[in-house]
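Source file: my_file_31.cif (mmCIF, C-alpha atoms and all ligand atoms)
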data_data
loop_
_atom_site.group_PDB
_atom_site.id
_atom_site.type_symbol
_atom_site.label_atom_id
_atom_site.label_comp_id
_atom_site.auth_asym_id
_atom_site.auth_seq_id
_atom_site.Cartn_x
_atom_site.Cartn_y
_atom_site.Cartn_z
ATOM 1 C CA MET A 27 -107.038 25.136 76.770
ATOM 2 C CA GLN A 28 -110.713 25.136 77.869
ATOM 3 C CA ARG A 29 -112.809 22.656 75.896
ATOM 4 C CA ILE A 30 -115.851 23.976 73.977
ATOM 5 C CA ARG A 31 -118.911 22.289 75.537
ATOM 6 C CA LYS A 32 -121.734 24.745 74.932
ATOM 7 C CA ALA A 33 -123.332 26.097 71.770
ATOM 8 C CA ILE A 34 -125.784 28.935 71.174
ATOM 9 C CA PHE A 35 -128.417 28.665 68.436
ATOM 10 C CA PRO A 36 -129.979 32.104 67.836
ATOM 11 C CA VAL A 37 -133.502 31.378 66.571
ATOM 12 C CA ALA A 38 -135.365 34.559 67.510
ATOM 13 C CA GLY A 39 -135.297 36.303 64.107
ATOM 14 C CA LEU A 40 -138.519 37.026 62.224
ATOM 15 C CA GLY A 41 -137.518 35.350 58.950
ATOM 16 C CA THR A 42 -139.082 38.130 56.886
ATOM 17 C CA ARG A 43 -137.282 37.062 53.707
ATOM 18 C CA PHE A 44 -139.303 33.883 53.769
ATOM 19 C CA LEU A 45 -142.812 35.273 54.223
ATOM 20 C CA PRO A 46 -145.535 34.069 54.043
ATOM 21 C CA ALA A 47 -144.071 30.650 55.004
ATOM 22 C CA THR A 48 -142.737 32.112 58.257
ATOM 23 C CA LYS A 49 -145.865 34.006 59.293
ATOM 24 C CA ALA A 50 -146.962 31.284 61.721
ATOM 25 C CA MET A 51 -143.986 28.915 61.580
ATOM 26 C CA PRO A 52 -140.369 29.524 62.664
ATOM 27 C CA LYS A 53 -138.073 29.612 59.638
ATOM 28 C CA GLU A 54 -135.758 27.243 61.539
ATOM 29 C CA MET A 55 -138.510 24.586 61.322
ATOM 30 C CA LEU A 56 -138.668 24.649 57.511
ATOM 31 C CA THR A 57 -137.516 21.263 56.304
ATOM 32 C CA VAL A 58 -134.538 20.321 54.195
ATOM 33 C CA VAL A 59 -135.685 16.956 52.858
ATOM 34 C CA ASP A 60 -137.352 15.500 56.000
ATOM 35 C CA ARG A 61 -135.473 17.216 58.834
ATOM 36 C CA PRO A 62 -136.061 20.755 60.100
ATOM 37 C CA VAL A 63 -133.179 23.098 59.321
ATOM 38 C CA ILE A 64 -132.492 23.490 63.066
ATOM 39 C CA GLN A 65 -132.155 19.700 63.437
ATOM 40 C CA HIS A 66 -129.447 19.588 60.739
ATOM 41 C CA VAL A 67 -127.476 22.214 62.662
ATOM 42 C CA VAL A 68 -127.977 20.508 66.045
ATOM 43 C CA ASP A 69 -126.725 17.289 64.378
ATOM 44 C CA GLU A 70 -123.554 19.160 63.356
ATOM 45 C CA ALA A 71 -123.058 20.417 66.930
ATOM 46 C CA LYS A 72 -123.622 16.919 68.370
ATOM 47 C CA ALA A 73 -121.042 15.480 65.965
ATOM 48 C CA ALA A 74 -118.600 18.110 67.245
ATOM 49 C CA GLY A 75 -119.030 16.930 70.861
ATOM 50 C CA ILE A 76 -121.259 19.790 72.091
ATOM 51 C CA GLU A 77 -122.987 18.880 75.378
ATOM 52 C CA GLN A 78 -125.200 21.919 76.091
ATOM 53 C CA PHE A 79 -127.574 23.252 73.425
ATOM 54 C CA ILE A 80 -128.767 26.784 74.158
ATOM 55 C CA PHE A 81 -131.581 28.151 72.010
ATOM 56 C CA VAL A 82 -132.288 31.883 72.025
ATOM 57 C CA THR A 83 -135.936 31.932 71.015
ATOM 58 C CA GLY A 84 -138.671 34.527 70.665
ATOM 59 C CA ARG A 85 -142.413 34.810 70.250
ATOM 60 C CA ASN A 86 -143.993 32.204 67.939
ATOM 61 C CA LYS A 87 -140.992 29.883 68.260
ATOM 62 C CA GLY A 88 -142.689 27.299 70.496
ATOM 63 C CA ALA A 89 -142.493 24.675 67.721
ATOM 64 C CA ILE A 90 -138.711 24.546 68.212
ATOM 65 C CA GLU A 91 -139.082 23.639 71.907
ATOM 66 C CA ASP A 92 -141.706 21.025 71.038
ATOM 67 C CA HIS A 93 -139.434 19.556 68.380
ATOM 68 C CA PHE A 94 -136.728 18.878 70.977
ATOM 69 C CA ASP A 95 -139.176 17.328 73.477
ATOM 70 C CA ILE A 96 -140.993 14.011 73.752
ATOM 71 C CA ALA A 97 -144.361 13.916 71.935
ATOM 72 C CA PHE A 98 -146.272 11.418 74.103
ATOM 73 C CA GLU A 99 -149.336 10.965 71.897
ATOM 74 C CA LEU A 100 -147.227 10.495 68.787
ATOM 75 C CA ASP A 101 -144.931 7.984 70.523
ATOM 76 C CA ARG A 102 -147.959 6.063 71.790
ATOM 77 C CA THR A 103 -149.545 5.907 68.347
ATOM 78 C CA LEU A 104 -146.295 4.808 66.701
ATOM 79 C CA LYS A 105 -145.858 2.112 69.361
ATOM 80 C CA ASP A 106 -149.419 0.824 68.798
ATOM 81 C CA ARG A 107 -148.682 0.663 65.078
ATOM 82 C CA HIS A 108 -145.325 -1.107 65.610
ATOM 83 C CA ARG A 109 -143.421 1.654 63.819
ATOM 84 C CA GLU A 110 -140.122 0.805 65.554
ATOM 85 C CA ALA A 111 -137.867 2.495 62.985
ATOM 86 C CA ASP A 112 -139.709 5.833 63.349
ATOM 87 C CA LEU A 113 -139.660 5.566 67.153
ATOM 88 C CA ASN A 114 -135.922 4.884 67.132
ATOM 89 C CA GLU A 115 -135.256 7.850 64.874
ATOM 90 C CA LEU A 116 -137.258 10.188 67.130
ATOM 91 C CA ALA A 117 -135.421 8.847 70.201
ATOM 92 C CA ARG A 118 -132.035 9.358 68.505
ATOM 93 C CA ASP A 119 -132.801 13.029 67.818
ATOM 94 C CA LEU A 120 -133.990 13.778 71.361
ATOM 95 C CA PRO A 121 -131.437 15.758 73.398
ATOM 96 C CA ILE A 122 -130.362 14.105 76.670
ATOM 97 C CA ALA A 123 -132.554 15.372 79.548
ATOM 98 C CA GLY A 124 -131.198 18.691 80.807
ATOM 99 C CA SER A 125 -128.905 19.303 77.841
ATOM 100 C CA ALA A 126 -131.210 21.737 76.008
ATOM 101 C CA SER A 127 -131.949 25.214 77.413
ATOM 102 C CA PHE A 128 -134.208 27.912 76.049
ATOM 103 C CA THR A 129 -134.018 31.610 76.765
ATOM 104 C CA ARG A 130 -135.993 34.393 75.148
ATOM 105 C CA GLN A 131 -134.812 37.403 73.233
ATOM 106 C CA GLN A 132 -137.810 39.610 73.916
ATOM 107 C CA GLU A 133 -137.228 41.796 70.849
ATOM 108 C CA PRO A 134 -135.281 40.868 67.709
ATOM 109 C CA LEU A 135 -132.587 43.514 68.243
ATOM 110 C CA GLY A 136 -129.975 41.690 66.179
ATOM 111 C CA LEU A 137 -127.684 38.669 66.244
ATOM 112 C CA GLY A 138 -125.255 40.278 68.705
ATOM 113 C CA HIS A 139 -128.109 40.937 71.125
ATOM 114 C CA ALA A 140 -129.407 37.365 70.715
ATOM 115 C CA VAL A 141 -125.974 35.962 71.629
ATOM 116 C CA TRP A 142 -125.749 38.331 74.629
ATOM 117 C CA CYS A 143 -129.114 36.995 75.900
ATOM 118 C CA ALA A 144 -127.393 33.631 76.520
ATOM 119 C CA ARG A 145 -124.572 35.088 78.660
ATOM 120 C CA ASP A 146 -125.655 33.557 81.987
ATOM 121 C CA LEU A 147 -126.245 30.156 80.432
ATOM 122 C CA ILE A 148 -122.703 30.196 79.008
ATOM 123 C CA GLY A 149 -120.857 31.648 82.018
ATOM 124 C CA ASP A 150 -117.095 32.110 81.905
ATOM 125 C CA GLU A 151 -115.997 29.657 79.217
ATOM 126 C CA PRO A 152 -115.425 29.675 75.441
ATOM 127 C CA PHE A 153 -118.458 28.618 73.414
ATOM 128 C CA ALA A 154 -119.773 28.019 69.907
ATOM 129 C CA VAL A 155 -122.446 29.925 67.966
ATOM 130 C CA LEU A 156 -124.183 28.253 65.025
ATOM 131 C CA LEU A 157 -126.532 30.198 62.776
ATOM 132 C CA PRO A 158 -129.326 27.710 62.121
ATOM 133 C CA ASP A 159 -130.159 28.959 58.649
ATOM 134 C CA MET A 160 -126.624 28.335 57.353
ATOM 135 C CA LEU A 161 -126.228 24.651 56.471
ATOM 136 C CA HIS A 162 -122.678 23.326 56.056
ATOM 137 C CA GLN A 163 -122.727 20.232 53.862
ATOM 138 C CA SER A 164 -119.644 18.048 54.052
ATOM 139 C CA SER A 165 -118.564 14.590 55.182
ATOM 140 C CA GLU A 166 -116.468 16.244 57.944
ATOM 141 C CA PRO A 167 -118.790 18.428 60.093
ATOM 142 C CA CYS A 168 -117.569 22.056 60.012
ATOM 143 C CA LEU A 169 -117.848 22.692 63.764
ATOM 144 C CA LYS A 170 -115.898 19.501 64.533
ATOM 145 C CA SER A 171 -112.899 20.673 62.463
ATOM 146 C CA MET A 172 -113.092 24.107 64.085
ATOM 147 C CA ILE A 173 -113.147 22.697 67.625
ATOM 148 C CA GLU A 174 -110.224 20.398 66.800
ATOM 149 C CA ALA A 175 -108.204 23.367 65.518
ATOM 150 C CA HIS A 176 -109.251 25.434 68.557
ATOM 151 C CA SER A 177 -108.050 22.738 70.962
ATOM 152 C CA SER A 178 -104.497 23.295 69.752
ATOM 153 C CA ILE A 179 -104.381 27.041 69.004
ATOM 154 C CA GLY A 180 -107.155 28.553 71.188
ATOM 155 C CA GLY A 181 -108.261 32.123 70.540
ATOM 156 C CA ASN A 182 -111.467 33.005 68.724
ATOM 157 C CA MET A 183 -112.402 31.403 65.423
ATOM 158 C CA ILE A 184 -114.823 32.213 62.596
ATOM 159 C CA GLY A 185 -115.911 29.758 59.912
ATOM 160 C CA VAL A 186 -115.418 31.160 56.402
ATOM 161 C CA TYR A 187 -115.968 29.882 52.867
ATOM 162 C CA ARG A 188 -114.987 31.068 49.405
ATOM 163 C CA VAL A 189 -117.626 33.013 47.453
ATOM 164 C CA PRO A 190 -117.390 34.295 43.846
ATOM 165 C CA ASP A 191 -115.308 37.518 43.617
ATOM 166 C CA ASP A 192 -118.215 39.482 42.136
ATOM 167 C CA GLU A 193 -120.520 38.556 45.052
ATOM 168 C CA THR A 194 -118.330 39.603 48.007
ATOM 169 C CA HIS A 195 -120.409 42.776 48.550
ATOM 170 C CA ARG A 196 -123.277 40.602 49.823
ATOM 171 C CA TYR A 197 -121.309 39.042 52.705
ATOM 172 C CA GLY A 198 -119.250 39.706 55.826
ATOM 173 C CA ILE A 199 -115.701 39.328 54.496
ATOM 174 C CA VAL A 200 -112.480 38.614 56.398
ATOM 175 C CA ASP A 201 -108.976 39.680 55.459
ATOM 176 C CA VAL A 202 -106.423 37.065 56.536
ATOM 177 C CA GLU A 203 -102.713 36.444 56.730
ATOM 178 C CA GLN A 204 -102.083 33.819 54.054
ATOM 179 C CA GLY A 205 -100.692 30.482 55.218
ATOM 180 C CA SER A 206 -100.848 26.780 54.569
ATOM 181 C CA THR A 207 -102.970 25.862 57.598
ATOM 182 C CA LYS A 208 -106.764 25.738 57.636
ATOM 183 C CA ALA A 209 -106.953 28.355 60.440
ATOM 184 C CA LEU A 210 -105.597 31.670 59.165
ATOM 185 C CA PRO A 211 -104.973 34.681 61.448
ATOM 186 C CA VAL A 212 -107.605 37.356 60.790
ATOM 187 C CA LYS A 213 -106.352 40.860 59.946
ATOM 188 C CA ALA A 214 -109.750 42.533 59.487
ATOM 189 C CA MET A 215 -113.489 41.863 59.186
ATOM 190 C CA ILE A 216 -115.620 43.973 56.879
ATOM 191 C CA GLU A 217 -119.404 43.793 56.715
ATOM 192 C CA LYS A 218 -120.642 43.903 53.068
ATOM 193 C CA PRO A 219 -117.676 45.734 51.401
ATOM 194 C CA LYS A 220 -118.460 47.903 48.343
ATOM 195 C CA GLN A 221 -118.225 45.979 45.077
ATOM 196 C CA GLY A 222 -114.619 45.542 43.947
ATOM 197 C CA THR A 223 -113.090 46.595 47.307
ATOM 198 C CA ALA A 224 -113.104 43.288 49.240
ATOM 199 C CA PRO A 225 -109.635 42.224 50.465
ATOM 200 C CA SER A 226 -110.483 38.527 49.930
ATOM 201 C CA ASN A 227 -113.334 36.278 48.879
ATOM 202 C CA LEU A 228 -113.604 34.576 52.281
ATOM 203 C CA ALA A 229 -117.144 35.090 53.604
ATOM 204 C CA ILE A 230 -118.286 34.530 57.205
ATOM 205 C CA SER A 231 -120.317 31.319 57.174
ATOM 206 C CA GLY A 232 -122.254 31.405 60.452
ATOM 207 C CA ARG A 233 -120.016 29.273 62.670
ATOM 208 C CA TYR A 234 -118.117 30.938 65.523
ATOM 209 C CA LEU A 235 -115.995 29.906 68.507
ATOM 210 C CA LEU A 236 -115.836 32.846 70.889
ATOM 211 C CA SER A 237 -114.339 33.765 74.230
ATOM 212 C CA PRO A 238 -116.754 34.922 76.970
ATOM 213 C CA LYS A 239 -115.147 38.382 76.775
ATOM 214 C CA ILE A 240 -117.534 39.023 73.862
ATOM 215 C CA PHE A 241 -120.437 39.367 76.358
ATOM 216 C CA GLU A 242 -118.824 42.426 78.024
ATOM 217 C CA LEU A 243 -118.462 44.037 74.605
ATOM 218 C CA LEU A 244 -121.985 43.163 73.501
ATOM 219 C CA ALA A 245 -123.405 44.677 76.709
ATOM 220 C CA THR A 246 -122.389 48.155 75.543
ATOM 221 C CA GLN A 247 -122.330 47.592 71.794
ATOM 222 C CA PRO A 248 -124.226 50.399 70.024
ATOM 223 C CA ARG A 249 -126.652 49.523 67.246
ATOM 224 C CA GLY A 250 -124.938 49.081 63.890
ATOM 225 C CA ALA A 251 -126.097 48.173 60.364
ATOM 226 C CA GLY A 252 -129.894 47.930 60.038
ATOM 227 C CA GLY A 253 -130.320 49.453 63.531
ATOM 228 C CA GLU A 254 -129.385 46.050 65.027
ATOM 229 C CA ILE A 255 -126.745 45.058 67.598
ATOM 230 C CA GLN A 256 -124.296 43.257 65.339
ATOM 231 C CA LEU A 257 -122.090 40.357 66.446
ATOM 232 C CA THR A 258 -119.484 41.329 63.826
ATOM 233 C CA ASP A 259 -119.058 44.813 65.358
ATOM 234 C CA ALA A 260 -118.268 43.295 68.784
ATOM 235 C CA MET A 261 -115.872 40.785 67.156
ATOM 236 C CA VAL A 262 -114.004 43.653 65.477
ATOM 237 C CA THR A 263 -113.432 45.196 68.941
ATOM 238 C CA LEU A 264 -112.493 41.847 70.488
ATOM 239 C CA GLN A 265 -109.939 41.269 67.755
ATOM 240 C CA ARG A 266 -107.893 44.204 69.107
ATOM 241 C CA SER A 267 -107.199 42.326 72.351
ATOM 242 C CA GLU A 268 -107.513 38.603 71.506
ATOM 243 C CA PRO A 269 -106.306 36.364 68.642
ATOM 244 C CA PHE A 270 -108.853 35.613 65.909
ATOM 245 C CA TYR A 271 -108.577 32.902 63.266
ATOM 246 C CA ALA A 272 -110.580 32.191 60.126
ATOM 247 C CA HIS A 273 -111.261 28.511 59.548
ATOM 248 C CA VAL A 274 -111.723 27.788 55.836
ATOM 249 C CA PHE A 275 -114.609 25.373 55.222
ATOM 250 C CA GLU A 276 -114.179 23.405 52.002
ATOM 251 C CA GLY A 277 -117.689 21.924 51.746
ATOM 252 C CA ARG A 278 -120.881 23.509 50.441
ATOM 253 C CA VAL A 279 -122.662 26.279 52.392
ATOM 254 C CA HIS A 280 -126.415 26.800 51.869
ATOM 255 C CA ASP A 281 -128.115 29.947 53.183
ATOM 256 C CA THR A 282 -131.578 28.517 53.809
ATOM 257 C CA GLY A 283 -132.798 31.940 54.966
ATOM 258 C CA THR A 284 -133.063 32.861 51.269
ATOM 259 C CA LYS A 285 -135.457 31.204 48.841
ATOM 260 C CA LEU A 286 -132.711 30.197 46.413
ATOM 261 C CA GLY A 287 -130.459 28.815 49.184
ATOM 262 C CA PHE A 288 -133.373 26.872 50.665
ATOM 263 C CA LEU A 289 -134.257 25.309 47.310
ATOM 264 C CA THR A 290 -130.656 24.381 46.434
ATOM 265 C CA ALA A 291 -130.158 22.926 49.936
ATOM 266 C CA ASN A 292 -133.134 20.630 49.403
ATOM 267 C CA VAL A 293 -131.766 19.453 46.060
ATOM 268 C CA ALA A 294 -128.219 18.965 47.386
ATOM 269 C CA TYR A 295 -129.298 17.093 50.537
ATOM 270 C CA ALA A 296 -131.766 14.920 48.613
ATOM 271 C CA LEU A 297 -129.025 13.956 46.130
ATOM 272 C CA ASP A 298 -126.896 12.957 49.139
ATOM 273 C CA ARG A 299 -129.523 10.540 50.479
ATOM 274 C CA HIS A 300 -129.029 6.959 49.383
ATOM 275 C CA ASP A 301 -132.761 6.216 49.809
ATOM 276 C CA LEU A 302 -133.801 9.069 47.491
ATOM 277 C CA ARG A 303 -130.842 9.805 45.221
ATOM 278 C CA ASP A 304 -131.623 7.684 42.150
ATOM 279 C CA GLU A 305 -135.326 8.402 41.854
ATOM 280 C CA PHE A 306 -134.834 12.083 42.634
ATOM 281 C CA ARG A 307 -132.081 12.460 40.038
ATOM 282 C CA ALA A 308 -134.296 10.800 37.428
ATOM 283 C CA ALA A 309 -137.211 13.093 38.352
ATOM 284 C CA LEU A 310 -134.986 16.175 38.106
ATOM 285 C CA LYS A 311 -133.681 15.089 34.722
ATOM 286 C CA THR A 312 -137.170 14.806 33.279
ATOM 287 C CA MET A 313 -138.049 18.222 34.714
ATOM 288 C CA ILE A 314 -135.117 20.134 33.251
HETATM 289 P P1 LIG B 401 -131.031 36.535 59.928
HETATM 290 O O1 LIG B 401 -130.927 37.997 59.764
HETATM 291 O O2 LIG B 401 -130.609 35.670 58.791
HETATM 292 O O3 LIG B 401 -132.490 36.098 60.300
HETATM 293 O O4 LIG B 401 -130.285 36.087 61.246
HETATM 294 P P2 LIG B 401 -133.868 36.848 60.345
HETATM 295 O O5 LIG B 401 -133.748 38.210 60.937
HETATM 296 O O6 LIG B 401 -134.803 35.892 60.993
HETATM 297 O O7 LIG B 401 -134.220 36.879 58.789
HETATM 298 P P3 LIG B 401 -134.838 37.979 57.823
HETATM 299 O O8 LIG B 401 -133.698 38.851 57.408
HETATM 300 O O9 LIG B 401 -135.944 38.717 58.547
HETATM 301 O O10 LIG B 401 -135.383 37.146 56.699
HETATM 302 C C1 LIG B 401 -129.510 34.900 61.381
HETATM 303 C C2 LIG B 401 -129.961 34.084 62.579
HETATM 304 O O11 LIG B 401 -129.972 34.885 63.751
HETATM 305 C C3 LIG B 401 -131.228 34.840 64.388
HETATM 306 C C4 LIG B 401 -132.226 34.385 63.319
HETATM 307 O O12 LIG B 401 -133.304 33.661 63.917
HETATM 308 C C5 LIG B 401 -131.379 33.531 62.404
HETATM 309 O O13 LIG B 401 -131.395 32.171 62.801
HETATM 310 N N1 LIG B 401 -131.555 36.158 64.941
HETATM 311 C C6 LIG B 401 -131.477 37.268 64.159
HETATM 312 C C7 LIG B 401 -131.950 36.258 66.264
HETATM 313 O O14 LIG B 401 -132.019 35.248 66.990
HETATM 314 N N2 LIG B 401 -132.273 37.488 66.757
HETATM 315 C C8 LIG B 401 -132.204 38.609 66.005
HETATM 316 O O15 LIG B 401 -132.513 39.704 66.543
HETATM 317 C C9 LIG B 401 -131.796 38.494 64.671
#
As a first step, turn the structure in this file into structure tokens.
Ligand code: UTP
Amino acid sequence: MQRIRKAIFPVAGLGTRFLPATKAMPKEMLTVVDRPVIQHVVDEAKAAGIEQFIFVTGRNKGAIEDHFDIAFELDRTLKDRHREADLNELARDLPIAGSASFTRQQEPLGLGHAVWCARDLIGDEPFAVLLPDMLHQSSEPCLKSMIEAHSSIGGNMIGVYRVPDDETHRYGIVDVEQGSTKALPVKAMIEKPKQGTAPSNLAISGRYLLSPKIFELLATQPRGAGGEIQLTDAMVTLQRSEPFYAHVFEGRVHDTGTKLGFLTANVAYALDRHDLRDEFRAALKTMI
């Protein structure tokens, strides 16, 4: 079984649901507590043993590249001020030289197209995709469990989580063969099923392990929902020739691309921080 070493982070979207905050700033740089959303997701990939971090960026996304680079003036100032703890934290977050690559999606033609833009950087090996706006909060990082499962069963794998039955029409839903394991064989994937028609309440969570065959399919994939080249459409085709599993994530998923998801993520992550928890809880209590 080929080990998963590389991960794609598609960060070229316009973030229109978060305007005006995202007019001049990438939505992936919005902070959840004191770390940019993209850093939380890179942390998850690092914890899963990923060695190559591939960012598919676009116009106005330069702040993401700067975030994963050394900031000489800042380092110098922190050194002069003897701020060792801050310097160490910045050093810890810095990718090893040569382990981060950036390629551009010239037009935001959809998630499938963004993934396809990274084809030459991935080459002929299975890889991970992490949607940076979907935060997976749990003591066991989601991608780590998926890669562990993949190392024994192979195939393609999609992260899923349970959503309320009356909200399934808002998500990509998978139909699975029931079983006792965490990775369930996928029978079908349906993008935003009509209310009351979803075959399950397992929603796609923004974590994928895919075989490189997906690139061939994406190359000729016609535009789908919203006029965009959809990753789900290519996965539906791939599922006809390769095994696909759904990996059920038991933690909390926050969609930080929506205002509500962003706000709840900040509350949930702040309540998880030992240096903030008590004071923050007390402040919340007085507010509500
Ligand atoms: P979203 O659809 O949530 O992001 O895509 P968006 O298009 O930026 O947001 P809205 O709908 O306008 O508010 C999920 C992820 O895929 C990336 C986005 O940057 C986001 O991280 N993406 C999306 C691309 O890289 N390219 C695209 O063409 C579309």
**Study point:** Answer key for the PyMOL selection byres (((chain A and resi 266-268) around 10) and not hetatm), residues as a PyMOL selection string
**Key:** chain A and resi 181-182+213-214+237+239+261-265+269-270
Those same residues, written as an mmCIF file, in the frame of the given file with C-alpha atoms?
data_model
loop_
_atom_site.group_PDB
_atom_site.id
_atom_site.type_symbol
_atom_site.label_atom_id
_atom_site.label_comp_id
_atom_site.auth_asym_id
_atom_site.auth_seq_id
_atom_site.Cartn_x
_atom_site.Cartn_y
_atom_site.Cartn_z
ATOM 1 C CA GLY A 181 -108.261 32.123 70.540
ATOM 2 C CA ASN A 182 -111.467 33.005 68.724
ATOM 3 C CA LYS A 213 -106.352 40.860 59.946
ATOM 4 C CA ALA A 214 -109.750 42.533 59.487
ATOM 5 C CA SER A 237 -114.339 33.765 74.230
ATOM 6 C CA LYS A 239 -115.147 38.382 76.775
ATOM 7 C CA MET A 261 -115.872 40.785 67.156
ATOM 8 C CA VAL A 262 -114.004 43.653 65.477
ATOM 9 C CA THR A 263 -113.432 45.196 68.941
ATOM 10 C CA LEU A 264 -112.493 41.847 70.488
ATOM 11 C CA GLN A 265 -109.939 41.269 67.755
ATOM 12 C CA PRO A 269 -106.306 36.364 68.642
ATOM 13 C CA PHE A 270 -108.853 35.613 65.909
#
Write out as CSV the residues of chain A that have any atom within 9 Å of an atom of ligand LIG 401 (chain B), one row each with the nearest atom pair and its distance in Å to one decimal, counting only C-alpha atoms and all ligand atoms, sorted by chain and then rising number.
residue,atom,partner,partner_atom,distance
A:Phe35,CA,B:LIG401,O13,7.3
A:Pro36,CA,B:LIG401,O14,3.8
A:Val37,CA,B:LIG401,O12,3.5
A:Ala38,CA,B:LIG401,O14,3.5
A:Gly39,CA,B:LIG401,O6,3.2
A:Leu40,CA,B:LIG401,O6,4.1
A:Gly41,CA,B:LIG401,O6,3.4
A:Thr42,CA,B:LIG401,O9,3.6
A:Arg43,CA,B:LIG401,O10,3.5
A:Phe44,CA,B:LIG401,O10,5.9
A:Leu45,CA,B:LIG401,O10,8.1
A:Pro52,CA,B:LIG401,O12,8.3
A:Lys53,CA,B:LIG401,O6,7.2
A:Glu54,CA,B:LIG401,O13,6.7
A:Ile64,CA,B:LIG401,O13,8.8
A:Phe81,CA,B:LIG401,O14,8.7
A:Val82,CA,B:LIG401,O14,6.1
A:Thr83,CA,B:LIG401,O14,6.5
A:Gly84,CA,B:LIG401,O14,7.6
A:Gln131,CA,B:LIG401,N2,7.0
A:Glu133,CA,B:LIG401,O15,6.7
A:Pro134,CA,B:LIG401,O15,3.2
A:Leu135,CA,B:LIG401,O15,4.2
A:Gly136,CA,B:LIG401,O15,3.2
A:Leu137,CA,B:LIG401,C9,4.4
A:Gly138,CA,B:LIG401,O15,7.6
A:His139,CA,B:LIG401,O15,6.5
A:Ala140,CA,B:LIG401,N2,4.9
A:Val141,CA,B:LIG401,O14,7.7
A:Leu156,CA,B:LIG401,O13,8.5
A:Leu157,CA,B:LIG401,C2,5.2
A:Pro158,CA,B:LIG401,O13,5.0
A:Asp159,CA,B:LIG401,O13,5.4
A:Met160,CA,B:LIG401,O13,8.2
A:Gly232,CA,B:LIG401,C1,8.1
A:Glu254,CA,B:LIG401,O15,7.2
A:Ile255,CA,B:LIG401,O15,7.9
A:Gln256,CA,B:LIG401,C9,8.9
A:Asp281,CA,B:LIG401,O2,8.4
A:Thr282,CA,B:LIG401,O2,8.8
A:Gly283,CA,B:LIG401,O2,5.8
A:Thr284,CA,B:LIG401,O10,7.3
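When CA of Asp298 in chain A is paired with CA of Pro62 in chain A, their separation reads 16.3 Å.
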Check your understanding: Ala33 in chain A: which residues within 6 Å, counting all atoms listed in the file, same-chain residues fewer than 5 positions away excluded, as a PyMOL selection string?
Key -> chain A and resi 79-80+153-155
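Of the residues listed (A:Gln65, A:Gln132, A:Gln247, A:Ser127), A:Gln132 shows the shortest atom-to-atom separation from Asn86 in chain A; distances use only C-alpha atoms.
Within the file as shown, the PyMOL selection byres (((chain A and resi 162) around 9) and not hetatm) identifies Val67, Glu70, Met160, Leu161, Gln163, Ser164, Pro167, Cys168, Ser231, Phe275, Gly277, Arg278, Val279 and His280 of chain A.
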Produce a file of the selected residues containing C-alpha atoms, as a compact mmCIF listing (two decimals), keeping the file's coordinate frame.
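Output file selection_22.txt is given in full below:
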# COMPACT_ATOMS: atom_id res chain seq x y z
CA VAL A 67 -127.48 22.21 62.66
CA GLU A 70 -123.55 19.16 63.36
CA MET A 160 -126.62 28.34 57.35
CA LEU A 161 -126.23 24.65 56.47
CA GLN A 163 -122.73 20.23 53.86
CA SER A 164 -119.64 18.05 54.05
CA PRO A 167 -118.79 18.43 60.09
CA CYS A 168 -117.57 22.06 60.01
CA SER A 231 -120.32 31.32 57.17
CA PHE A 275 -114.61 25.37 55.22
CA GLY A 277 -117.69 21.92 51.75
CA ARG A 278 -120.88 23.51 50.44
CA VAL A 279 -122.66 26.28 52.39
CA HIS A 280 -126.42 26.80 51.87
**Study point:** Result set, the PyMOL selection byres (((chain A and resi 241) around 10) and not hetatm) on current file, as a list of chain:residue names
**Key:** A:Gly138, A:His139, A:Val141, A:Trp142, A:Cys143, A:Ala144, A:Arg145, A:Asp146, A:Ile148, A:Gly149, A:Asp150, A:Leu236, A:Ser237, A:Pro238, A:Lys239, A:Ile240, A:Glu242, A:Leu243, A:Leu244, A:Ala245, A:Thr246, A:Gln247, A:Ala260
Exercise for review: Select, from A:Ala89, A:Leu228, A:Val186, A:Val274, the residue with the minimum atom-to-atom distance to Lys208 in chain A, counting only C-alpha atoms.
Suggested key: A:Val274
Practice item. Go through A:Asn114, A:Gln204, A:Thr48, A:Ser125 one by one, measure the shortest atom-to-atom distance of each to Lys87 in chain A using all atoms listed in the file, and give the residue with the smallest value. Key: A:Thr48
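Separating CA of Ile173 in chain A from CA of Ile30 in chain A is a distance of 7.0 Å.
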Exercise for review: Find the spatial neighbours of Arg29 in chain A, counting all atoms listed in the file, within a cut-off of 10 Å - ignore same-chain residues fewer than 3 positions away - and output them as a VMD selection string.
Suggested key: chain A and resid 32 75 to 76 151 to 153 173 to 174 176 to 177 180
Practice item. Would you mind listing what lies within 9 Å of Pro190 in chain A as a list in words, with all atoms listed in the file counted and same-chain residues fewer than 3 positions away left out? Key: Glu193, Thr194 and Asn227 of chain A
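Minimum atom-to-atom distance to Ala123 in chain A, evaluated using only C-alpha atoms, belongs to A:Ile96 out of A:Ala111, A:Val212, A:Met172, A:Ile96.
In this structure, CA of Asn292 in chain A sits 8.2 Å away from CA of Thr57 in chain A.
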Axis-aligned box for range 269-272 of chain A, 8 Å per side, centre and edges in Å as JSON:
{"center_x": -108.4, "center_y": 34.3, "center_z": 64.4, "size_x": 20.3, "size_y": 20.2, "size_z": 24.5}
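Minimum atom-to-atom distance to Ile184 in chain A, evaluated using all atoms listed in the file, belongs to A:Leu235 out of A:Ala97, A:Leu235, A:Ile314, A:Ala73.
Of the listed residues (A:His300, A:Lys220, A:Arg249, A:Arg130), A:Lys220 comes nearest to Asp191 in chain A; the distances count all atoms listed in the file.
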Point to revise | Long-range neighbours of Gly205 in chain A as a list in words, 12 Å cut-off, only C-alpha atoms, 2 positions minimum in chain | key: Val202, Glu203, Thr207, Lys208, Ala209, Leu210, Pro211, Val212, Tyr271, Ala272, His273 and Val274 of chain A
